[in-house]
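This report concerns only the one structure given below.
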Amino acid sequence: MSSTNLANIRHPYHLVDPSPQPFVISFALLMITTGTVLYMHGLPVWMFVLPLGWAWLIWICVDWFKTIVTEATFMGYHTEKVQFSHRTGIKLFIASEVMFFFSFFWAFFASSLSPSIWIFQQYPPEGIDVISPWGIPLANTVILLSSGATVTWSHYAIRGGELAQAIYSLQLTIILAIVFTALQGFEYVHATFTISDSIFGTCFYMLTGFHGFHVIVGTIWLTVCLFRMGRRHFKPNHHIGYEGAIWYWHFVDVVWLFLFVVVYWWGGK
């Protein structure tokens with residue numbers, strides 16, 4: 001479509017040019033999966049396969065995203081119809097993420113409400129020194145909720161044309177996100193149990209670990225938006241990329257609230 005004159009377009013949709021990027025990215029994902037399996041089996045070749053797969057994936061994603069930004073910001077291909085489809089796609093993606101976390105919460109409730117005989121029908125199992133919810137978890141709750149407030153501030157600022165406010169509040173959001181991740185890492189380092197310590201350890205680290213991964217992804221997404229904001233890519237009525245990042249960040253906030261109440265507070269009793 002890049003070779004087509006916009007004046008000749010008689011429909012509001014964007015028909016993208018044929019691209020090898022989806023096909024190529026599948027090989028990068030295959031290398032990551034293969035490298036992970038090799039690592040789990042202790043084969044030294046993983047040190048070559050896994051980093052190469054990640055490097056390839058990041059390079060292709062950056063190139064692909066640059067193409068999308070060019071189409072949206074400079075070529076005018078993201079019309080109202082296209083933006084509607086993007087918003088729908090983001091909503092469906094977040095819905096799939098909800099179901100992803102739902103499966104882990106299901107495992108948590110199944111093991112906590114009806115503990116098996118293998119953990120002596122006791123939850124948390126005997127010998128597990130649970131993490132107090134009133135220390136780092138409570139601090140992280142305040143930090144993450146504050147980041148939700150600052151990113152909302154930034155959103156309203158960009159919609160109102162206040163670019164300086166939008167940049168400042170987004171910077172605050174990213175700083176809070178980094179502090180959250182650092183505190184989560186500190187908690188992991190000082191935890192007295194591991195992922196292999198019964199079903200409690202498995203559920204705890206799968207839920208908090210995947211949430212932490214989503215926080216990192218959201219932080220990268222917001223950082224890219226900050227860079228684009230500084231280059232004036234976003235307009236009050238056209239900032240679908242930033243809007244998606246904000247929705248994703250609020251989703252991360254809500255998941256953490258469930259984690260704090262269910263896993264740290266109720267599950268640690």
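Each chain in the structure tokens gets a letter, A, B, ..., in the order shown, and its residues are numbered from 1; ligands are numbered from 1 in order too.
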
Could you produce a table of the residues of region 170-210 of chain A lying within 9 Å of region 89-109 of chain A, with the nearest pair of atoms per residue and their separation in Å rounded to one decimal, using only C-alpha atoms, ordered by chain and increasing residue number, as a tab-separated table?
```
residue	atom	partner	partner_atom	distance
A:Ile199	CA	A:Phe108	CA	8.2
A:Phe200	CA	A:Phe108	CA	7.8
A:Cys203	CA	A:Phe108	CA	5.8
A:Phe204	CA	A:Phe108	CA	8.2
A:Met206	CA	A:Phe104	CA	7.4
A:Leu207	CA	A:Phe104	CA	6.5
A:Phe210	CA	A:Phe101	CA	8.5
```

key: Distance query region 66-72 of chain A at most 12 Å, only C-alpha atoms, self and fewer than 2 positions along chain excluded, as a PyMOL selection string   = chain A and resi 1-3+6+14-17+19+21+59-64+74-80+82-83+86+224-225+228+231+233-235+238-242

request  = Run DSSP on the backbone and give me the residues of region 44-243 of chain A it puts in alpha helix (DSSP H), as a PyMOL selection string.
outcome  = chain A and resi 46-69+80-113+136-159+163-190+198-230+240-243

task = Name the residues in contact with Tyr205 (chain A) at a cut-off of 10 Å, using only C-alpha atoms, excluding same-chain residues fewer than 2 positions from it; report them as a PyMOL selection string.
result = chain A and resi 188+193-196+200-203+207-212

request  = Would you list the contacts of Phe251 (chain A) as a ChimeraX atom specification, taking every protein, DNA or RNA residue within 10 Å and counting only C-alpha atoms, but skipping same-chain residues closer than 2 positions in sequence?
outcome  = /A:94-95,97-98,148,214,218,245-249,253-256

ask   = Within 10 Å of Leu29 (chain A), counting only C-alpha atoms, which residues qualify if same-chain residues fewer than 2 places away don't, as a list in words?
value =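 Selected residues are Val24, Ile25, Ser26, Phe27, Met31, Ile32, Thr33, Thr34, Gly35, Leu50, Gly53, Trp54, Trp56 and Leu57 of chain A.
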
Go ahead and save the picked residues with all heavy atoms, as a compact mmCIF listing (two decimals), in the first residue's frame.
```
# COMPACT_ATOMS: atom_id res chain seq x y z
N VAL A 24 9.16 -14.61 9.17
CA VAL A 24 10.50 -14.60 9.76
C VAL A 24 10.44 -14.63 11.28
O VAL A 24 11.25 -15.31 11.94
CB VAL A 24 11.28 -13.35 9.28
CG1 VAL A 24 12.61 -13.24 9.99
CG2 VAL A 24 11.50 -13.41 7.76
N ILE A 25 9.47 -13.94 11.86
CA ILE A 25 9.37 -13.87 13.32
C ILE A 25 9.04 -15.23 13.91
O ILE A 25 9.42 -15.54 15.04
CB ILE A 25 8.32 -12.81 13.72
CG1 ILE A 25 8.79 -12.02 14.93
CG2 ILE A 25 6.96 -13.42 14.03
CD1 ILE A 25 7.97 -10.80 15.24
N SER A 26 8.37 -16.09 13.12
CA SER A 26 8.05 -17.43 13.61
C SER A 26 9.33 -18.25 13.82
O SER A 26 9.41 -19.06 14.74
CB SER A 26 7.11 -18.14 12.64
OG SER A 26 7.74 -18.38 11.39
N PHE A 27 10.33 -18.02 12.98
CA PHE A 27 11.60 -18.72 13.15
C PHE A 27 12.34 -18.23 14.39
O PHE A 27 13.00 -19.01 15.09
CB PHE A 27 12.48 -18.54 11.91
CG PHE A 27 12.09 -19.42 10.76
CD1 PHE A 27 11.27 -18.95 9.76
CD2 PHE A 27 12.54 -20.73 10.71
CE1 PHE A 27 10.90 -19.76 8.71
CE2 PHE A 27 12.18 -21.56 9.65
CZ PHE A 27 11.35 -21.08 8.64
N MET A 31 13.43 -20.52 17.56
CA MET A 31 14.77 -20.55 18.15
C MET A 31 14.72 -20.31 19.66
O MET A 31 15.45 -20.95 20.42
CB MET A 31 15.67 -19.51 17.48
CG MET A 31 16.03 -19.83 16.06
SD MET A 31 17.22 -18.66 15.38
CE MET A 31 18.67 -19.03 16.35
N ILE A 32 13.84 -19.40 20.09
CA ILE A 32 13.71 -19.15 21.53
C ILE A 32 13.19 -20.39 22.25
O ILE A 32 13.71 -20.78 23.31
CB ILE A 32 12.77 -17.95 21.77
CG1 ILE A 32 13.43 -16.66 21.29
CG2 ILE A 32 12.39 -17.83 23.24
CD1 ILE A 32 12.51 -15.45 21.30
N THR A 33 12.16 -21.02 21.68
CA THR A 33 11.61 -22.24 22.28
C THR A 33 12.67 -23.35 22.32
O THR A 33 12.84 -24.03 23.34
CB THR A 33 10.38 -22.71 21.48
OG1 THR A 33 9.44 -21.65 21.39
CG2 THR A 33 9.74 -23.91 22.15
N THR A 34 13.36 -23.53 21.21
CA THR A 34 14.40 -24.57 21.14
C THR A 34 15.52 -24.29 22.13
O THR A 34 15.99 -25.20 22.83
CB THR A 34 14.97 -24.65 19.71
OG1 THR A 34 13.91 -24.88 18.78
CG2 THR A 34 15.99 -25.79 19.61
N GLY A 35 15.95 -23.04 22.20
CA GLY A 35 17.01 -22.68 23.14
C GLY A 35 16.61 -22.90 24.58
O GLY A 35 17.41 -23.34 25.41
N LEU A 50 19.58 -19.54 22.19
CA LEU A 50 18.62 -18.70 22.89
C LEU A 50 18.89 -17.20 22.71
O LEU A 50 17.98 -16.43 22.35
CB LEU A 50 18.58 -19.08 24.37
CG LEU A 50 17.44 -18.46 25.20
CD1 LEU A 50 16.09 -18.81 24.61
CD2 LEU A 50 17.52 -18.94 26.65
N GLY A 53 18.05 -16.17 19.17
CA GLY A 53 16.61 -16.11 18.95
C GLY A 53 16.01 -14.83 19.49
O GLY A 53 15.20 -14.18 18.82
N TRP A 54 16.42 -14.43 20.70
CA TRP A 54 15.90 -13.19 21.29
C TRP A 54 16.36 -11.96 20.50
O TRP A 54 15.59 -11.03 20.27
CB TRP A 54 16.34 -13.07 22.75
CG TRP A 54 15.45 -13.80 23.70
CD1 TRP A 54 15.73 -14.92 24.41
CD2 TRP A 54 14.10 -13.45 24.04
NE1 TRP A 54 14.65 -15.31 25.17
CE2 TRP A 54 13.64 -14.41 24.98
CE3 TRP A 54 13.24 -12.42 23.67
CZ2 TRP A 54 12.36 -14.37 25.52
CZ3 TRP A 54 11.96 -12.38 24.20
CH2 TRP A 54 11.53 -13.34 25.12
N TRP A 56 17.15 -11.83 17.34
CA TRP A 56 16.43 -11.84 16.07
C TRP A 56 15.00 -11.33 16.27
O TRP A 56 14.50 -10.52 15.50
CB TRP A 56 16.43 -13.26 15.52
CG TRP A 56 16.02 -13.38 14.07
CD1 TRP A 56 15.62 -12.36 13.25
CD2 TRP A 56 16.00 -14.57 13.30
NE1 TRP A 56 15.35 -12.84 12.01
CE2 TRP A 56 15.56 -14.19 11.99
CE3 TRP A 56 16.31 -15.89 13.54
CZ2 TRP A 56 15.41 -15.11 10.97
CZ3 TRP A 56 16.15 -16.81 12.52
CH2 TRP A 56 15.71 -16.44 11.25
N LEU A 57 14.34 -11.81 17.34
CA LEU A 57 12.97 -11.39 17.61
C LEU A 57 12.90 -9.88 17.85
O LEU A 57 12.03 -9.19 17.30
CB LEU A 57 12.44 -12.14 18.84
CG LEU A 57 11.03 -11.76 19.30
CD1 LEU A 57 9.99 -12.16 18.25
CD2 LEU A 57 10.71 -12.42 20.65
```

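Here CA of Val151 (chain A) stands at a distance of 5.7 Å from CA of Leu170 (chain A).
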
request  = Compare A:Ser154, A:Met47, A:Val252, A:Pro12 by their minimum atom-to-atom distance to Lys81 (chain A), counting only C-alpha atoms, and give me the closest one.
outcome  = A:Pro12
